[in-house]
Amino acid sequence: MTEKLFTVDPLVIECEHAKTVVSSPRLSARLKVAPEVLTTLLEARAGSDLDPDDPRVAHLKRTGFLRGDGAEAPQTPRPWDTWGVAAWNYHQRIRDTRFIEHTHEEERSERYLEEVLSRPLPVAPRTEGAEVLLLPRTRSRTAEDFWEVLERRRTCRRFEDAPVDLQHLADILHYSFAPLRFVDAGQMGVLQLRAAASGGARHETDAYVAVFNVADVAPGLYRYDEIRHGLAPVRDEVTRDQMEHLTFHQGFYERAAFGVFTVAMTERFVWKYRHPVAYKLLHHNVGHVAQVFSTVCAAFRLGAAITGAIRNSEADALLGLAGPAEFVTFALACGHPVIAPDGLPGGVQAPIDPWRA
Ligand SMILES: Cc1cc2nc3c(=O)[nH]c(=O)nc-3n(C[C@H](O)[C@H](O)[C@H](O)COP(=O)(O)O)c2cc1C
């Protein structure tokens, strides 16, 4: 006797090396399957007459991968019902990543180090060849109180049409993207230490700067060279319209003095971090960088905006990034902020006193 059975939807199939694994956000099981079982699951997406006594079919039924017509499928839990199967699968795959417990796993730790060091150290910054506009190395001190800076830091989305000083541009780039010190990490080489924390001190975040209105800097697109503390030209022209297009017309670049694309140079990171969790870690890293950027801007009474809403492929192409190993992560903007009399950035509304109305 056969029964009409349907495959769970969505079904995630991962084929890697000789292994095929199926899973679904609706189910707790992940199954390693043989090719003919995968064929059965694919065919039953629109319903198949199958023998429920076949041990393989019975197993797929028990684990929820196949169900009868009338049987109610478990719901995809929140937030994955909204965020979708790609996010769910990534989340599952990086959960419970086994990191090395340095105190208990010396042998594993040694093997890990050996394995990392078997690969050539990635060349950290790309300095070779390019002309560079050297930026001032003096630093503008600010008498701002630390706590006031923390309280003042806001996302500013509207800017005055006014130039930012070269000194401020230099300082913002220096504190956000340049090494402040170096550390000898033994066999791991010499590492940069920047103002922001970074997994393994790999500091894979680079900055590409779109200059519009900075005193003494010609408008254009530059790569910030953090070792030479200079701007290497990438393109003579980058327009405000282009930046607006790339960031879904949010208005930041209509008057910002300059913009920054943060770029993940993954070769620096993947050298040490070989697990998929690294993709999440590098986004944590750039979050730290963006916070430093925005806080330093606040210390100079400048405003900063931030967005992850980016037309990624077009932005990568504009910057001339070297293939899939380099990609844009954030778009930042900086300028003289429009500030309302209540101290909030222009366009931001404080809660209205309900008793006043
Ligand atoms: C990851 C991230 C993405 C953001 N994306 C946007 C964005 O696309 N547009 C925007 O106007 N603000 C964006 N922001 C800024 C937030 O809206 C802002 O931080 C939030 O409203 C709180 O305001 P505050 O930064 O002034 O404290 C983003 C912030 C972060 C951290």
# chains A, B, ... in the order shown; residues from 1 in each chain; ligands from 1
>>> residues_near_ligand(ligand="ligand 1", cutoff="7 Å", atoms="only C-alpha atoms and all ligand atoms", output="ChimeraX atom specification")
/A:153-157,250,287,305-309
>>> select_by_dssp(residues="region 52-258 of chain A", states="strand (DSSP E)", output="PDB file with N, CA and C atoms, in the first residue's frame")
ATOM      1  N   LEU A  66       9.097  14.030   5.596  1.00  0.00           N
ATOM      2  CA  LEU A  66       7.932  13.693   4.771  1.00  0.00           C
ATOM      3  C   LEU A  66       6.707  13.711   5.675  1.00  0.00           C
ATOM      4  N   ARG A  67       5.598  14.163   5.140  1.00  0.00           N
ATOM      5  CA  ARG A  67       4.357  14.109   5.945  1.00  0.00           C
ATOM      6  C   ARG A  67       3.181  13.814   5.023  1.00  0.00           C
ATOM      7  N   GLY A  68       2.153  13.264   5.631  1.00  0.00           N
ATOM      8  CA  GLY A  68       0.946  12.941   4.871  1.00  0.00           C
ATOM      9  C   GLY A  68       0.171  14.201   4.531  1.00  0.00           C
ATOM     10  N   LEU A 133      48.559  60.837  -0.936  1.00  0.00           N
ATOM     11  CA  LEU A 133      48.515  62.172  -0.338  1.00  0.00           C
ATOM     12  C   LEU A 133      48.746  61.982   1.161  1.00  0.00           C
ATOM     13  N   LEU A 134      49.934  62.363   1.621  1.00  0.00           N
ATOM     14  CA  LEU A 134      50.262  62.143   3.038  1.00  0.00           C
ATOM     15  C   LEU A 134      49.456  63.111   3.896  1.00  0.00           C
ATOM     16  N   ARG A 181      49.328  51.265  17.877  1.00  0.00           N
ATOM     17  CA  ARG A 181      50.500  50.602  18.416  1.00  0.00           C
ATOM     18  C   ARG A 181      50.663  49.277  17.681  1.00  0.00           C
ATOM     19  N   PHE A 182      51.767  48.608  17.937  1.00  0.00           N
ATOM     20  CA  PHE A 182      51.985  47.279  17.371  1.00  0.00           C
ATOM     21  C   PHE A 182      52.331  46.340  18.509  1.00  0.00           C
ATOM     22  N   VAL A 183      52.105  45.058  18.267  1.00  0.00           N
ATOM     23  CA  VAL A 183      52.430  44.092  19.304  1.00  0.00           C
ATOM     24  C   VAL A 183      53.112  42.896  18.647  1.00  0.00           C
ATOM     25  N   ASP A 184      54.103  42.379  19.352  1.00  0.00           N
ATOM     26  CA  ASP A 184      54.807  41.205  18.849  1.00  0.00           C
ATOM     27  C   ASP A 184      54.046  39.960  19.315  1.00  0.00           C
ATOM     28  N   VAL A 190      53.872  40.388  13.764  1.00  0.00           N
ATOM     29  CA  VAL A 190      53.620  41.670  14.431  1.00  0.00           C
ATOM     30  C   VAL A 190      52.194  42.088  14.073  1.00  0.00           C
ATOM     31  N   LEU A 191      51.428  42.414  15.086  1.00  0.00           N
ATOM     32  CA  LEU A 191      50.023  42.754  14.861  1.00  0.00           C
ATOM     33  C   LEU A 191      49.776  44.229  15.118  1.00  0.00           C
ATOM     34  N   GLN A 192      48.815  44.755  14.356  1.00  0.00           N
ATOM     35  CA  GLN A 192      48.367  46.130  14.612  1.00  0.00           C
ATOM     36  C   GLN A 192      47.450  46.141  15.834  1.00  0.00           C
ATOM     37  N   LEU A 193      47.526  47.218  16.577  1.00  0.00           N
ATOM     38  CA  LEU A 193      46.491  47.495  17.576  1.00  0.00           C
ATOM     39  C   LEU A 193      45.872  48.829  17.192  1.00  0.00           C
ATOM     40  N   THR A 205      39.578  45.431   8.402  1.00  0.00           N
ATOM     41  CA  THR A 205      38.727  46.498   7.851  1.00  0.00           C
ATOM     42  C   THR A 205      39.576  47.618   7.258  1.00  0.00           C
ATOM     43  N   ASP A 206      39.412  47.856   5.975  1.00  0.00           N
ATOM     44  CA  ASP A 206      40.063  48.978   5.292  1.00  0.00           C
ATOM     45  C   ASP A 206      39.027  50.067   5.021  1.00  0.00           C
ATOM     46  N   ALA A 207      39.516  51.245   4.674  1.00  0.00           N
ATOM     47  CA  ALA A 207      38.607  52.369   4.402  1.00  0.00           C
ATOM     48  C   ALA A 207      38.854  52.942   3.011  1.00  0.00           C
ATOM     49  N   TYR A 208      37.772  53.131   2.272  1.00  0.00           N
ATOM     50  CA  TYR A 208      37.804  53.861   0.997  1.00  0.00           C
ATOM     51  C   TYR A 208      37.021  55.147   1.223  1.00  0.00           C
ATOM     52  N   VAL A 209      37.640  56.261   0.863  1.00  0.00           N
ATOM     53  CA  VAL A 209      37.099  57.558   1.249  1.00  0.00           C
ATOM     54  C   VAL A 209      36.628  58.324   0.010  1.00  0.00           C
ATOM     55  N   ALA A 210      35.357  58.730   0.027  1.00  0.00           N
ATOM     56  CA  ALA A 210      34.820  59.567  -1.058  1.00  0.00           C
ATOM     57  C   ALA A 210      34.828  61.007  -0.547  1.00  0.00           C
ATOM     58  N   VAL A 211      35.736  61.797  -1.086  1.00  0.00           N
ATOM     59  CA  VAL A 211      35.891  63.183  -0.604  1.00  0.00           C
ATOM     60  C   VAL A 211      35.035  64.116  -1.449  1.00  0.00           C
ATOM     61  N   GLY A 220      37.229  63.264  -4.845  1.00  0.00           N
ATOM     62  CA  GLY A 220      37.547  62.014  -5.555  1.00  0.00           C
ATOM     63  C   GLY A 220      37.459  60.849  -4.599  1.00  0.00           C
ATOM     64  N   LEU A 221      37.771  59.674  -5.146  1.00  0.00           N
ATOM     65  CA  LEU A 221      37.722  58.453  -4.336  1.00  0.00           C
ATOM     66  C   LEU A 221      39.147  58.008  -4.021  1.00  0.00           C
ATOM     67  N   TYR A 222      39.408  57.743  -2.752  1.00  0.00           N
ATOM     68  CA  TYR A 222      40.746  57.361  -2.293  1.00  0.00           C
ATOM     69  C   TYR A 222      40.662  56.104  -1.446  1.00  0.00           C
ATOM     70  N   ARG A 223      41.790  55.407  -1.379  1.00  0.00           N
ATOM     71  CA  ARG A 223      41.921  54.338  -0.381  1.00  0.00           C
ATOM     72  C   ARG A 223      42.811  54.859   0.727  1.00  0.00           C
ATOM     73  N   TYR A 224      42.366  54.700   1.955  1.00  0.00           N
ATOM     74  CA  TYR A 224      43.184  55.159   3.080  1.00  0.00           C
ATOM     75  C   TYR A 224      44.274  54.128   3.323  1.00  0.00           C
ATOM     76  N   ASP A 225      45.519  54.580   3.248  1.00  0.00           N
ATOM     77  CA  ASP A 225      46.674  53.721   3.503  1.00  0.00           C
ATOM     78  C   ASP A 225      47.067  53.936   4.964  1.00  0.00           C
ATOM     79  N   GLY A 230      47.972  58.003   4.599  1.00  0.00           N
ATOM     80  CA  GLY A 230      47.767  58.837   3.419  1.00  0.00           C
ATOM     81  C   GLY A 230      46.583  58.349   2.611  1.00  0.00           C
ATOM     82  N   LEU A 231      46.235  59.165   1.621  1.00  0.00           N
ATOM     83  CA  LEU A 231      45.120  58.828   0.738  1.00  0.00           C
ATOM     84  C   LEU A 231      45.667  58.465  -0.637  1.00  0.00           C
ATOM     85  N   ALA A 232      45.447  57.232  -1.051  1.00  0.00           N
ATOM     86  CA  ALA A 232      45.897  56.791  -2.380  1.00  0.00           C
ATOM     87  C   ALA A 232      44.730  56.931  -3.347  1.00  0.00           C
ATOM     88  N   PRO A 233      44.915  57.686  -4.447  1.00  0.00           N
ATOM     89  CA  PRO A 233      43.787  57.890  -5.362  1.00  0.00           C
ATOM     90  C   PRO A 233      43.310  56.594  -6.007  1.00  0.00           C
ATOM     91  N   VAL A 234      41.986  56.456  -6.077  1.00  0.00           N
ATOM     92  CA  VAL A 234      41.376  55.289  -6.732  1.00  0.00           C
ATOM     93  C   VAL A 234      40.665  55.741  -8.006  1.00  0.00           C
ATOM     94  N   ARG A 235      39.927  56.866  -7.906  1.00  0.00           N
ATOM     95  CA  ARG A 235      39.198  57.441  -9.053  1.00  0.00           C
ATOM     96  C   ARG A 235      39.145  58.943  -8.880  1.00  0.00           C
ATOM     97  N   PHE A 258      32.484  64.106   3.552  1.00  0.00           N
ATOM     98  CA  PHE A 258      33.110  62.921   2.961  1.00  0.00           C
ATOM     99  C   PHE A 258      32.348  61.667   3.392  1.00  0.00           C
TER     100      PHE A 258
END
>>> closest_residue(among="A:Ala178, A:Val348, A:Leu150, A:Leu121", to="Glu267 (chain A)", atoms="only C-alpha atoms")
A:Leu121
>>> residues_around(residues="Glu254 (chain A)", least_positions_apart="4", cutoff="8 Å", atoms="only C-alpha atoms", output="PyMOL selection string")
chain A and resi 240-241+244
>>> closest_residue(among="A:Arg119, A:His336, A:Arg228, A:His283", to="Ala257 (chain A)", atoms="only C-alpha atoms")
A:His336
>>> residues_around(residues="Arg274 (chain A)", least_positions_apart="3", cutoff="12 Å", atoms="only C-alpha atoms", output="list in words")
Ile94, Thr97, Arg98, Phe99, Tyr112, Glu115, Val116, Arg119, Thr266, Glu267, Arg268, Phe269, Val270, Trp271, Val277, Ala278, Tyr279 and Leu281 of chain A
>>> write_last_selection(atoms="C-alpha atoms", output="CSV table (one decimal), in the first residue's frame")
chain,number,residue,atom,x,y,z
A,94,ILE,CA,27.8,28.6,13.4
A,97,THR,CA,31.4,26.4,17.1
A,98,ARG,CA,34.2,24.7,19.0
A,99,PHE,CA,36.9,27.2,19.8
A,112,TYR,CA,46.0,24.6,15.3
A,115,GLU,CA,48.2,24.5,10.8
A,116,VAL,CA,47.8,28.3,10.7
A,119,ARG,CA,50.2,29.2,5.4
A,266,THR,CA,39.1,38.8,4.1
A,267,GLU,CA,42.6,37.3,3.3
A,268,ARG,CA,43.9,38.9,6.5
A,269,PHE,CA,41.1,37.3,8.5
A,270,VAL,CA,40.7,33.9,6.8
A,271,TRP,CA,44.4,33.2,7.4
A,277,VAL,CA,31.7,31.9,12.2
A,278,ALA,CA,34.4,34.2,10.9
A,279,TYR,CA,31.9,35.8,8.6
A,281,LEU,CA,33.1,38.0,13.6
>>> atom_distance(atom1="CA of Glu226 (chain A)", atom2="CA of Asn285 (chain A)")
16.7 Å
>>> atom_distance(atom1="CA of Gly346 (chain A)", atom2="CA of Gln291 (chain A)")
20.1 Å
